[in-house]
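The file entry-v3.tsv contains TSV, C-alpha atoms and all ligand atoms:
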chain	number	residue	atom	x	y	z
C	249	MET	CA	49.25	80.04	3.17
C	250	ALA	CA	45.60	79.48	2.25
C	251	ALA	CA	44.81	76.86	-0.40
C	252	LEU	CA	43.88	78.42	-3.71
C	253	LEU	CA	43.02	75.09	-5.26
C	254	GLU	CA	42.06	71.93	-3.46
C	255	THR	CA	41.10	68.48	-4.68
C	256	VAL	CA	39.47	65.64	-2.81
C	257	ASN	CA	39.80	62.00	-3.90
C	258	ILE	CA	40.30	62.55	-7.65
C	259	SER	CA	40.37	59.34	-9.69
C	260	LYS	CA	40.49	58.77	-13.42
C	261	ARG	CA	40.69	55.51	-15.37
C	262	PHE	CA	41.33	54.90	-19.03
C	263	LYS	CA	39.91	51.41	-19.58
C	264	GLY	CA	42.26	49.24	-17.48
C	265	ILE	CA	44.70	52.03	-16.60
C	266	LYS	CA	44.30	53.81	-13.29
C	267	ALA	CA	45.75	57.18	-14.33
C	268	LEU	CA	44.77	58.93	-11.06
C	269	GLN	CA	43.91	57.23	-7.80
C	270	GLY	CA	42.40	59.19	-4.91
C	271	VAL	CA	44.46	62.34	-5.44
C	272	GLY	CA	44.00	64.97	-2.75
C	273	LEU	CA	46.18	68.03	-3.14
C	274	ARG	CA	46.30	71.64	-2.11
C	275	ILE	CA	47.92	74.38	-4.16
C	276	ARG	CA	48.74	77.37	-1.97
C	277	ARG	CA	48.23	80.93	-3.08
C	278	GLY	CA	51.45	82.39	-4.43
C	279	GLU	CA	53.57	79.26	-4.42
C	280	THR	CA	55.48	77.56	-7.19
C	281	LEU	CA	54.64	73.91	-6.88
C	282	GLY	CA	56.65	71.32	-8.78
C	283	LEU	CA	54.91	68.18	-10.03
C	284	ILE	CA	57.17	65.24	-10.78
C	285	GLY	CA	56.92	61.54	-11.51
C	286	PRO	CA	57.88	58.95	-14.12
C	287	ASN	CA	56.37	58.83	-17.60
C	288	GLY	CA	52.76	57.77	-17.34
C	289	ALA	CA	52.48	58.71	-13.64
C	290	GLY	CA	49.38	60.82	-14.33
C	291	LYS	CA	50.80	64.36	-14.24
C	292	SER	CA	49.24	65.59	-17.48
C	293	THR	CA	46.01	63.73	-16.70
C	294	LEU	CA	45.84	65.62	-13.41
C	295	VAL	CA	46.19	68.98	-15.20
C	296	ASN	CA	43.58	67.88	-17.75
C	297	VAL	CA	41.15	67.05	-14.95
C	298	LEU	CA	41.85	70.24	-12.96
C	299	CYS	CA	41.40	72.47	-16.00
C	300	GLY	CA	38.36	70.56	-17.28
C	301	GLN	CA	39.70	69.02	-20.48
C	302	LEU	CA	38.92	65.60	-18.99
C	303	ALA	CA	36.15	64.65	-16.56
C	304	GLN	CA	37.28	62.79	-13.45
C	305	ASP	CA	35.53	59.55	-12.46
C	306	THR	CA	35.43	60.48	-8.77
C	307	GLY	CA	36.32	63.44	-6.61
C	308	ASP	CA	35.83	67.17	-6.24
C	309	ILE	CA	37.81	70.28	-7.10
C	310	PHE	CA	37.59	73.64	-5.35
C	311	LEU	CA	39.11	76.89	-6.58
C	312	ASP	CA	39.17	79.66	-4.01
C	313	GLY	CA	36.47	77.77	-2.12
C	314	VAL	CA	34.17	77.51	-5.17
C	315	GLU	CA	33.37	74.01	-6.39
C	316	ILE	CA	34.44	73.67	-10.03
C	317	SER	CA	34.31	69.86	-10.29
C	318	LYS	CA	31.94	69.78	-13.24
C	319	MET	CA	32.53	73.19	-14.80
C	320	ARG	CA	33.37	73.49	-18.48
C	321	PRO	CA	36.99	74.45	-19.23
C	322	HIS	CA	36.16	77.99	-20.42
C	323	ARG	CA	34.38	78.75	-17.16
C	324	ARG	CA	37.36	77.48	-15.15
C	325	CYS	CA	39.48	79.76	-17.30
C	326	HIS	CA	37.22	82.72	-16.45
C	327	LEU	CA	37.77	81.90	-12.78
C	328	GLY	CA	41.54	81.87	-13.15
C	329	LEU	CA	42.84	78.48	-14.30
C	330	SER	CA	45.16	78.37	-17.26
C	331	ARG	CA	47.59	75.82	-18.63
C	332	THR	CA	50.14	75.08	-21.29
C	333	TYR	CA	50.12	71.83	-23.22
C	334	GLN	CA	52.94	69.31	-23.21
C	335	ILE	CA	52.38	69.00	-26.96
C	336	PRO	CA	51.71	72.61	-28.00
C	337	ARG	CA	48.25	73.25	-29.41
C	338	PRO	CA	48.31	76.44	-31.45
C	339	PHE	CA	45.86	77.44	-34.16
C	340	PRO	CA	48.38	76.41	-36.87
C	341	ASP	CA	46.85	78.43	-39.74
C	342	LEU	CA	46.70	81.69	-37.77
C	343	VAL	CA	49.61	84.01	-37.24
C	344	VAL	CA	51.18	84.21	-33.79
C	345	LEU	CA	49.39	87.43	-32.85
C	346	GLN	CA	46.02	85.94	-33.82
C	347	ASN	CA	46.84	82.98	-31.60
C	348	VAL	CA	47.08	85.21	-28.53
C	349	ILE	CA	44.19	87.64	-29.09
C	350	PRO	CA	41.46	85.06	-28.23
C	351	SER	CA	43.15	84.41	-24.87
C	352	VAL	CA	43.00	88.12	-24.05
C	353	LEU	CA	39.35	88.29	-25.11
C	354	CYS	CA	38.20	85.06	-23.46
C	355	GLY	CA	40.19	85.05	-20.22
C	356	LYS	CA	39.31	86.42	-16.79
C	357	THR	CA	35.66	87.46	-16.62
C	358	GLU	CA	36.16	91.02	-15.36
C	359	HIS	CA	38.56	91.85	-18.17
C	360	ARG	CA	36.70	92.64	-21.40
C	361	PRO	CA	38.79	94.82	-23.73
C	362	ASN	CA	37.72	95.75	-27.27
C	363	LEU	CA	39.57	94.23	-30.22
C	364	GLU	CA	42.05	97.07	-30.57
C	365	GLN	CA	42.96	96.96	-26.88
C	366	ALA	CA	43.12	93.17	-27.01
C	367	THR	CA	45.53	93.32	-29.95
C	368	GLN	CA	47.81	95.68	-28.05
C	369	GLU	CA	47.68	93.49	-24.97
C	370	ALA	CA	48.44	90.39	-27.05
C	371	GLN	CA	51.47	92.19	-28.49
C	372	ALA	CA	52.65	93.04	-24.99
C	373	PHE	CA	52.43	89.37	-23.95
C	374	LEU	CA	54.40	88.37	-27.06
C	375	GLU	CA	57.00	90.99	-26.21
C	376	PHE	CA	57.18	89.64	-22.69
C	377	VAL	CA	57.87	86.04	-23.76
C	378	GLY	CA	60.27	87.10	-26.52
C	379	LEU	CA	58.13	86.38	-29.57
C	380	ALA	CA	57.37	89.92	-30.74
C	381	ASP	CA	59.33	89.51	-33.95
C	382	LYS	CA	57.27	86.43	-34.89
C	383	GLN	CA	53.85	88.02	-34.48
C	384	ASN	CA	53.02	87.80	-38.19
C	385	VAL	CA	54.35	84.27	-38.71
C	386	GLU	CA	51.86	81.40	-39.00
C	387	ALA	CA	52.05	79.19	-35.93
C	388	ARG	CA	52.66	76.14	-38.13
C	389	ASP	CA	56.07	77.61	-39.02
C	390	LEU	CA	57.33	78.01	-35.45
C	391	THR	CA	60.08	75.88	-33.88
C	392	ILE	CA	59.28	73.79	-30.80
C	393	TYR	CA	60.93	76.47	-28.65
C	394	GLU	CA	58.81	79.22	-30.17
C	395	LEU	CA	55.71	77.07	-29.76
C	396	ARG	CA	56.49	76.69	-26.07
C	397	LEU	CA	56.84	80.45	-25.72
C	398	LEU	CA	53.53	80.86	-27.55
C	399	GLU	CA	51.85	78.44	-25.13
C	400	LEU	CA	53.09	80.60	-22.25
C	401	ALA	CA	51.96	83.85	-23.92
C	402	ARG	CA	48.49	82.44	-24.57
C	403	SER	CA	48.14	81.13	-21.03
C	404	LEU	CA	49.34	84.35	-19.43
C	405	ALA	CA	47.04	86.40	-21.63
C	406	THR	CA	44.01	84.89	-19.86
C	407	ARG	CA	45.32	86.50	-16.64
C	408	PRO	CA	45.29	83.34	-14.56
C	409	LYS	CA	45.40	82.92	-10.82
C	410	ILE	CA	47.04	79.53	-11.33
C	411	LEU	CA	49.23	78.69	-14.27
C	412	PHE	CA	49.84	74.99	-14.98
C	413	VAL	CA	52.98	74.50	-17.04
C	414	ASP	CA	53.34	71.06	-18.59
C	415	GLU	CA	57.01	70.45	-19.44
C	416	VAL	CA	58.14	73.78	-20.83
C	417	MET	CA	61.71	72.49	-21.29
C	418	ALA	CA	61.04	69.29	-23.22
C	419	GLY	CA	62.70	69.21	-26.64
C	420	LEU	CA	64.70	72.41	-26.12
C	421	ASN	CA	68.45	72.76	-26.59
C	422	PRO	CA	70.44	73.85	-23.49
C	423	ALA	CA	70.45	77.57	-24.40
C	424	GLU	CA	66.69	77.56	-25.08
C	425	ALA	CA	66.06	75.63	-21.87
C	426	ASP	CA	68.02	78.25	-19.89
C	427	THR	CA	65.96	81.03	-21.46
C	428	ALA	CA	62.75	79.17	-20.66
C	429	VAL	CA	63.75	78.80	-17.00
C	430	ALA	CA	64.62	82.51	-16.81
C	431	LEU	CA	61.25	83.32	-18.39
C	432	MET	CA	59.47	81.22	-15.75
C	433	SER	CA	61.12	83.23	-13.01
C	434	SER	CA	60.23	86.53	-14.65
C	435	ILE	CA	56.62	85.30	-15.01
C	436	LYS	CA	56.61	84.79	-11.26
C	437	GLU	CA	58.15	88.20	-10.58
C	438	THR	CA	56.01	90.14	-13.02
C	439	TYR	CA	52.62	88.51	-12.57
C	440	GLY	CA	52.91	87.00	-9.09
C	441	VAL	CA	50.90	84.09	-10.39
C	442	THR	CA	50.63	80.77	-8.55
C	443	ILE	CA	52.44	78.15	-10.62
C	444	CYS	CA	52.15	74.39	-10.85
C	445	TRP	CA	55.09	73.24	-12.94
C	446	ILE	CA	55.45	69.72	-14.34
C	447	GLU	CA	59.10	69.13	-15.07
C	448	HIS	CA	61.50	66.24	-15.55
C	449	VAL	CA	64.60	68.39	-14.94
C	450	MET	CA	64.69	68.00	-11.17
C	451	SER	CA	67.55	70.48	-10.63
C	452	VAL	CA	65.37	73.26	-12.09
C	453	LEU	CA	62.54	72.54	-9.68
C	454	MET	CA	64.98	72.34	-6.78
C	455	GLU	CA	65.69	76.03	-7.45
C	456	ALA	CA	62.29	77.29	-8.59
C	457	ALA	CA	59.76	75.42	-6.46
C	458	GLN	CA	58.94	75.92	-2.80
C	459	ARG	CA	57.24	72.53	-2.72
C	460	ILE	CA	57.19	69.39	-4.84
C	461	ILE	CA	54.54	66.72	-5.22
C	462	ALA	CA	55.59	63.37	-6.67
C	463	LEU	CA	53.12	61.10	-8.44
C	464	ASP	CA	53.57	57.43	-9.25
C	465	TYR	CA	50.89	55.24	-10.82
C	466	GLY	CA	48.37	58.01	-10.27
C	467	GLU	CA	49.03	58.36	-6.53
C	468	ILE	CA	50.80	61.03	-4.53
C	469	ILE	CA	53.89	59.36	-3.06
C	470	ALA	CA	55.56	62.49	-1.64
C	471	ASP	CA	54.63	66.10	-0.89
C	472	GLY	CA	57.05	68.51	0.73
C	473	PRO	CA	60.00	70.90	0.35
C	474	PRO	CA	62.22	70.06	-2.66
C	475	GLY	CA	65.16	68.81	-0.58
C	476	GLU	CA	62.92	66.46	1.38
C	477	VAL	CA	61.16	65.06	-1.69
C	478	ALA	CA	64.51	64.58	-3.47
C	479	ASP	CA	65.73	62.43	-0.58
C	480	ASN	CA	62.47	60.51	-0.20
C	481	GLN	CA	63.16	56.81	-0.66
C	482	ARG	CA	59.93	56.10	-2.57
C	483	VAL	CA	60.66	58.97	-4.97
C	484	ILE	CA	64.21	57.75	-5.51
C	485	GLU	CA	62.98	54.22	-6.21
C	486	ALA	CA	60.07	55.21	-8.45
C	487	TYR	CA	61.66	58.05	-10.35
C	488	LEU	CA	64.90	59.79	-9.53
C	489	GLY	CA	67.29	56.90	-8.95
C	490	SER	CA	69.98	57.17	-6.32
C	491	GLU	CA	72.58	58.93	-8.48
C	492	TRP	CA	70.63	61.88	-9.81
C	493	ARG	CA	72.24	64.46	-7.50
C	494	GLN	CA	75.65	63.59	-8.95
C	495	TYR	CA	74.49	64.57	-12.43
C	496	ALA	CA	72.20	67.45	-11.52
C	501	LIG	N1	43.36	60.09	-23.36
C	501	LIG	C1	43.91	58.96	-22.90
C	501	LIG	N2	43.41	57.75	-23.28
C	501	LIG	C2	43.93	56.60	-22.78
C	501	LIG	N3	44.95	56.55	-21.90
C	501	LIG	C3	45.49	57.71	-21.51
C	501	LIG	C4	45.00	58.97	-21.99
C	501	LIG	N4	45.72	59.98	-21.39
C	501	LIG	C5	46.62	59.36	-20.61
C	501	LIG	N5	46.48	58.02	-20.67
C	501	LIG	C6	47.27	57.02	-19.88
C	501	LIG	O1	47.19	57.43	-18.50
C	501	LIG	C7	48.45	57.28	-17.86
C	501	LIG	C8	48.90	58.63	-17.35
C	501	LIG	O2	49.28	59.44	-18.47
C	501	LIG	P1	49.79	60.93	-18.34
C	501	LIG	O3	49.89	61.47	-19.72
C	501	LIG	O4	48.92	61.66	-17.40
C	501	LIG	O5	51.24	60.73	-17.71
C	501	LIG	P2	52.37	61.81	-17.41
C	501	LIG	O6	52.72	61.67	-15.97
C	501	LIG	O7	51.96	63.15	-17.91
C	501	LIG	O8	53.61	61.25	-18.27
C	501	LIG	P3	54.74	62.02	-19.12
C	501	LIG	O9	55.84	62.37	-18.15
C	501	LIG	O10	55.21	60.97	-20.10
C	501	LIG	O11	54.13	63.19	-19.80
C	501	LIG	C9	49.39	56.65	-18.89
C	501	LIG	O12	49.36	55.25	-18.71
C	501	LIG	C10	48.75	57.05	-20.21
C	501	LIG	O13	49.07	56.11	-21.22
C	502	MG	MG	52.63	64.41	-19.33
Could you render the structure from this file as structure tokens?
Amino acid sequence: MAALLETVNISKRFKGIKALQGVGLRIRRGETLGLIGPNGAGKSTLVNVLCGQLAQDTGDIFLDGVEISKMRPHRRCHLGLSRTYQIPRPFPDLVVLQNVIPSVLCGKTEHRPNLEQATQEAQAFLEFVGLADKQNVEARDLTIYELRLLELARSLATRPKILFVDEVMAGLNPAEADTAVALMSSIKETYGVTICWIEHVMSVLMEAAQRIIALDYGEIIADGPPGEVADNQRVIEAYLGSEWRQYA
């Protein structure tokens, strides 16, 4: 599979902390890639750098062969990068529908609907994620589960080539988590989008991902099929522990 996104030697420091150190990765067109690692490993920082919310200190990023290393986030979005936030970031004073309409209007460059069309499309995305009945509720009044669904609706509404999902299951009860996992698989089926999924629930990625990259202290310590990464000694020592399969 051809690489849809490629990075070369990405580094990022926050004062004394080396959040990313020489990260080179390839995301293949059509795959679901899992991104794992302990708290503070640099997973969210990597997504922030790839999508342009943070500037890297060193390194280059290529999307579909186009260099995007210094592009503003909205331009990367036009080219097909979209992401959810680990801590949801809605417009709290706007209703749910109004939260999604800007994503429809400001997403992929070739897609420029008028406001009426955009409203209908936003409703369809809300329907898809299961939030249609909340469309007139202010985002500030949503539960964490509903906020996670809203993050997904807003990201999908930009019609991405690559969707970065930063911990969709965190804070959900078991039933909500199951629904979120099912939604991720229907996103894949319906939109065929390439997915990079940060997740601490390893058993979910074992099922959903074709490949997993493990980060530790800002460095890639493993990259391969889920079964291989799960048995990798460095990954077990840095993150999974030796007993995780028993409890998975
Ligand atoms: N804006 C920031 N300013 C200062 N330090 C930061 C900032 N963002 C991240 N860091 C630090 O960089 C390191 C990597 O953080 P990051 O949030 O990328 O980890 P993570 O792998 O996403 O962890 P988690 O699983 O807890 O979400 C951590 O030490 C974190 O404290
Ligand atoms: Mg994170």
Per residue of chain C within 9 Å of ligand LIG 501 (chain C), which atom pair is closest and at what distance in Å (one decimal), using all atoms listed in the file, listed by chain and increasing number, as a tab-separated table?
residue	atom	partner	partner_atom	distance
C:Lys260	CA	C:LIG501	O1	8.5
C:Arg261	CA	C:LIG501	O1	7.5
C:Phe262	CA	C:LIG501	C2	4.9
C:Lys263	CA	C:LIG501	C2	7.3
C:Gly264	CA	C:LIG501	N3	9.0
C:Ile265	CA	C:LIG501	O12	6.0
C:Lys266	CA	C:LIG501	O1	7.0
C:Ala267	CA	C:LIG501	O1	4.4
C:Leu268	CA	C:LIG501	C8	7.5
C:Ile284	CA	C:LIG501	O6	7.7
C:Gly285	CA	C:LIG501	O6	6.1
C:Pro286	CA	C:LIG501	O9	5.7
C:Asn287	CA	C:LIG501	O10	3.5
C:Gly288	CA	C:LIG501	O5	3.3
C:Ala289	CA	C:LIG501	O6	3.8
C:Gly290	CA	C:LIG501	O4	3.2
C:Lys291	CA	C:LIG501	O6	3.7
C:Ser292	CA	C:LIG501	O7	3.7
C:Thr293	CA	C:LIG501	O4	3.6
C:Leu294	CA	C:LIG501	O4	6.4
C:Val295	CA	C:LIG501	O4	8.1
C:Asn296	CA	C:LIG501	O4	8.2
C:Leu302	CA	C:LIG501	N1	8.3
C:Gln334	CA	C:LIG501	O11	7.1
C:Asp414	CA	C:LIG501	O11	8.0
C:Glu415	CA	C:LIG501	O11	7.8
C:Ile446	CA	C:LIG501	O7	8.3
C:Glu447	CA	C:LIG501	O9	8.1
C:His448	CA	C:LIG501	O9	7.3
C:Leu463	CA	C:LIG501	O6	7.6
C:Asp464	CA	C:LIG501	O6	8.0
C:Tyr465	CA	C:LIG501	C8	7.6
C:Gly466	CA	C:LIG501	C8	7.1
I'd like a table as a Markdown table: residues in region 399-466 of chain C with an atom no more than 12 Å from region 359-374 of chain C, each row giving the shortest atom pair and its distance in Å to one decimal, only C-alpha atoms counted, sorted by chain and rising residue number.
| residue | atom | partner | partner_atom | distance |
| --- | --- | --- | --- | --- |
| C:Glu399 | CA | C:Leu374 | CA | 10.4 |
| C:Leu400 | CA | C:Phe373 | CA | 9.0 |
| C:Ala401 | CA | C:Phe373 | CA | 5.5 |
| C:Arg402 | CA | C:Phe373 | CA | 8.0 |
| C:Ser403 | CA | C:Phe373 | CA | 9.7 |
| C:Leu404 | CA | C:Phe373 | CA | 7.4 |
| C:Ala405 | CA | C:Phe373 | CA | 6.6 |
| C:Thr406 | CA | C:His359 | CA | 9.0 |
| C:Arg407 | CA | C:His359 | CA | 8.8 |
| C:Pro408 | CA | C:His359 | CA | 11.4 |
| C:Ile435 | CA | C:Phe373 | CA | 10.7 |
| C:Thr438 | CA | C:Phe373 | CA | 11.5 |
| C:Tyr439 | CA | C:Phe373 | CA | 11.4 |
Select, from C:Val441, C:Leu298, C:Leu281, C:Ala418, the residue with the minimum atom-to-atom distance to Ile335 (chain C), counting all atoms listed in the file.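 Among the listed residues, the smallest separation from Ile335 (chain C) belongs to C:Ala418.
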Using only C-alpha atoms, find all polymer residues with an atom at most 12 Å away from the point (65.2, 79.7, -22.0); report them as a ChimeraX atom specification. /C:377-378,393-394,396-397,416-434,452
Find the residues with any atom within 12 Å of (34.1, 80.1, -14.6); use only C-alpha atoms and the coordinates as given in the file, and write the answer as a PyMOL selection string. chain C and resi 299-300+310-312+314-330+354-358+408
Distance criterion (only C-alpha atoms): nearest to Lys382 (chain C) out of C:Leu395, C:Ala470, C:Leu253, C:Leu283: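 Closest to Lys382 (chain C) of all the choices is C:Leu395.
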Please compute the CA of Ser451 (chain C)-CA of Arg337 (chain C) distance, one decimal, in Å.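 These two atoms are separated by 27.1 Å.
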Could you tell me which of C:Gln383, C:Asn480, C:Gln458, C:Thr332 comes closest to ligand MG 502 (chain C) if we count only C-alpha atoms and all ligand atoms? C:Thr332
For CA of Glu279 (chain C) and CA of Gly440 (chain C), quote the distance in Å rounded to one decimal.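 Those two atoms sit 9.1 Å apart.
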I'd like to know which of C:Glu455, C:Asp305, C:Arg388, C:Thr280 is closest to Lys436 (chain C), using only C-alpha atoms.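 Using only C-alpha atoms, the shortest distance to Lys436 (chain C) belongs to C:Thr280.
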How about completing region 421-449 of chain C with N, CA and C atoms and giving it to me as an mmCIF file, in the coordinates of the input?
data_model
loop_
_atom_site.group_PDB
_atom_site.id
_atom_site.type_symbol
_atom_site.label_atom_id
_atom_site.label_comp_id
_atom_site.auth_asym_id
_atom_site.auth_seq_id
_atom_site.Cartn_x
_atom_site.Cartn_y
_atom_site.Cartn_z
ATOM 1 N N ASN C 421 66.997 72.905 -26.751
ATOM 2 C CA ASN C 421 68.450 72.760 -26.590
ATOM 3 C C ASN C 421 68.846 73.488 -25.289
ATOM 4 N N PRO C 422 70.079 73.284 -24.808
ATOM 5 C CA PRO C 422 70.440 73.850 -23.490
ATOM 6 C C PRO C 422 70.259 75.366 -23.390
ATOM 7 N N ALA C 423 70.589 76.102 -24.451
ATOM 8 C CA ALA C 423 70.450 77.570 -24.400
ATOM 9 C C ALA C 423 68.966 77.951 -24.317
ATOM 10 N N GLU C 424 68.135 77.285 -25.113
ATOM 11 C CA GLU C 424 66.690 77.560 -25.080
ATOM 12 C C GLU C 424 66.109 77.197 -23.714
ATOM 13 N N ALA C 425 66.563 76.061 -23.173
ATOM 14 C CA ALA C 425 66.060 75.630 -21.870
ATOM 15 C C ALA C 425 66.406 76.665 -20.797
ATOM 16 N N ASP C 426 67.623 77.212 -20.857
ATOM 17 C CA ASP C 426 68.020 78.250 -19.890
ATOM 18 C C ASP C 426 67.121 79.477 -20.011
ATOM 19 N N THR C 427 66.832 79.865 -21.251
ATOM 20 C CA THR C 427 65.960 81.030 -21.460
ATOM 21 C C THR C 427 64.556 80.752 -20.926
ATOM 22 N N ALA C 428 64.093 79.523 -21.143
ATOM 23 C CA ALA C 428 62.750 79.170 -20.660
ATOM 24 C C ALA C 428 62.682 79.229 -19.133
ATOM 25 N N VAL C 429 63.736 78.771 -18.470
ATOM 26 C CA VAL C 429 63.750 78.800 -17.000
ATOM 27 C C VAL C 429 63.774 80.259 -16.512
ATOM 28 N N ALA C 430 64.571 81.089 -17.192
ATOM 29 C CA ALA C 430 64.620 82.510 -16.810
ATOM 30 C C ALA C 430 63.246 83.154 -17.036
ATOM 31 N N LEU C 431 62.585 82.767 -18.113
ATOM 32 C CA LEU C 431 61.250 83.320 -18.390
ATOM 33 C C LEU C 431 60.268 82.903 -17.285
ATOM 34 N N MET C 432 60.355 81.665 -16.835
ATOM 35 C CA MET C 432 59.470 81.220 -15.750
ATOM 36 C C MET C 432 59.683 82.078 -14.510
ATOM 37 N N SER C 433 60.935 82.424 -14.223
ATOM 38 C CA SER C 433 61.120 83.230 -13.010
ATOM 39 C C SER C 433 60.644 84.663 -13.238
ATOM 40 N N SER C 434 60.754 85.164 -14.465
ATOM 41 C CA SER C 434 60.230 86.530 -14.650
ATOM 42 C C SER C 434 58.691 86.536 -14.703
ATOM 43 N N ILE C 435 58.090 85.410 -15.096
ATOM 44 C CA ILE C 435 56.620 85.300 -15.010
ATOM 45 C C ILE C 435 56.193 85.447 -13.544
ATOM 46 N N LYS C 436 56.930 84.740 -12.695
ATOM 47 C CA LYS C 436 56.610 84.790 -11.260
ATOM 48 C C LYS C 436 56.755 86.222 -10.722
ATOM 49 N N GLU C 437 57.878 86.840 -11.071
ATOM 50 C CA GLU C 437 58.150 88.200 -10.580
ATOM 51 C C GLU C 437 57.147 89.213 -11.102
ATOM 52 N N THR C 438 56.843 89.119 -12.387
ATOM 53 C CA THR C 438 56.010 90.140 -13.020
ATOM 54 C C THR C 438 54.536 89.973 -12.681
ATOM 55 N N TYR C 439 54.062 88.737 -12.726
ATOM 56 C CA TYR C 439 52.620 88.510 -12.570
ATOM 57 C C TYR C 439 52.231 87.966 -11.203
ATOM 58 N N GLY C 440 53.209 87.522 -10.435
ATOM 59 C CA GLY C 440 52.910 87.000 -9.090
ATOM 60 C C GLY C 440 51.955 85.822 -9.096
ATOM 61 N N VAL C 441 51.891 85.144 -10.235
ATOM 62 C CA VAL C 441 50.900 84.090 -10.390
ATOM 63 C C VAL C 441 51.336 82.825 -9.637
ATOM 64 N N THR C 442 50.358 82.079 -9.140
ATOM 65 C CA THR C 442 50.630 80.770 -8.550
ATOM 66 C C THR C 442 50.940 79.810 -9.689
ATOM 67 N N ILE C 443 52.003 79.013 -9.519
ATOM 68 C CA ILE C 443 52.440 78.150 -10.620
ATOM 69 C C ILE C 443 52.483 76.698 -10.179
ATOM 70 N N CYS C 444 51.953 75.828 -11.029
ATOM 71 C CA CYS C 444 52.150 74.390 -10.850
ATOM 72 C C CYS C 444 52.911 73.908 -12.070
ATOM 73 N N TRP C 445 54.136 73.453 -11.865
ATOM 74 C CA TRP C 445 55.090 73.240 -12.940
ATOM 75 C C TRP C 445 55.476 71.768 -13.011
ATOM 76 N N ILE C 446 55.031 71.106 -14.081
ATOM 77 C CA ILE C 446 55.450 69.720 -14.340
ATOM 78 C C ILE C 446 56.794 69.761 -15.038
ATOM 79 N N GLU C 447 57.755 69.040 -14.485
ATOM 80 C CA GLU C 447 59.100 69.130 -15.070
ATOM 81 C C GLU C 447 59.893 67.873 -14.767
ATOM 82 N N HIS C 448 60.626 67.394 -15.783
ATOM 83 C CA HIS C 448 61.500 66.240 -15.550
ATOM 84 C C HIS C 448 62.905 66.663 -15.121
ATOM 85 N N VAL C 449 63.249 67.941 -15.331
ATOM 86 C CA VAL C 449 64.600 68.390 -14.940
ATOM 87 C C VAL C 449 64.528 68.799 -13.467
#
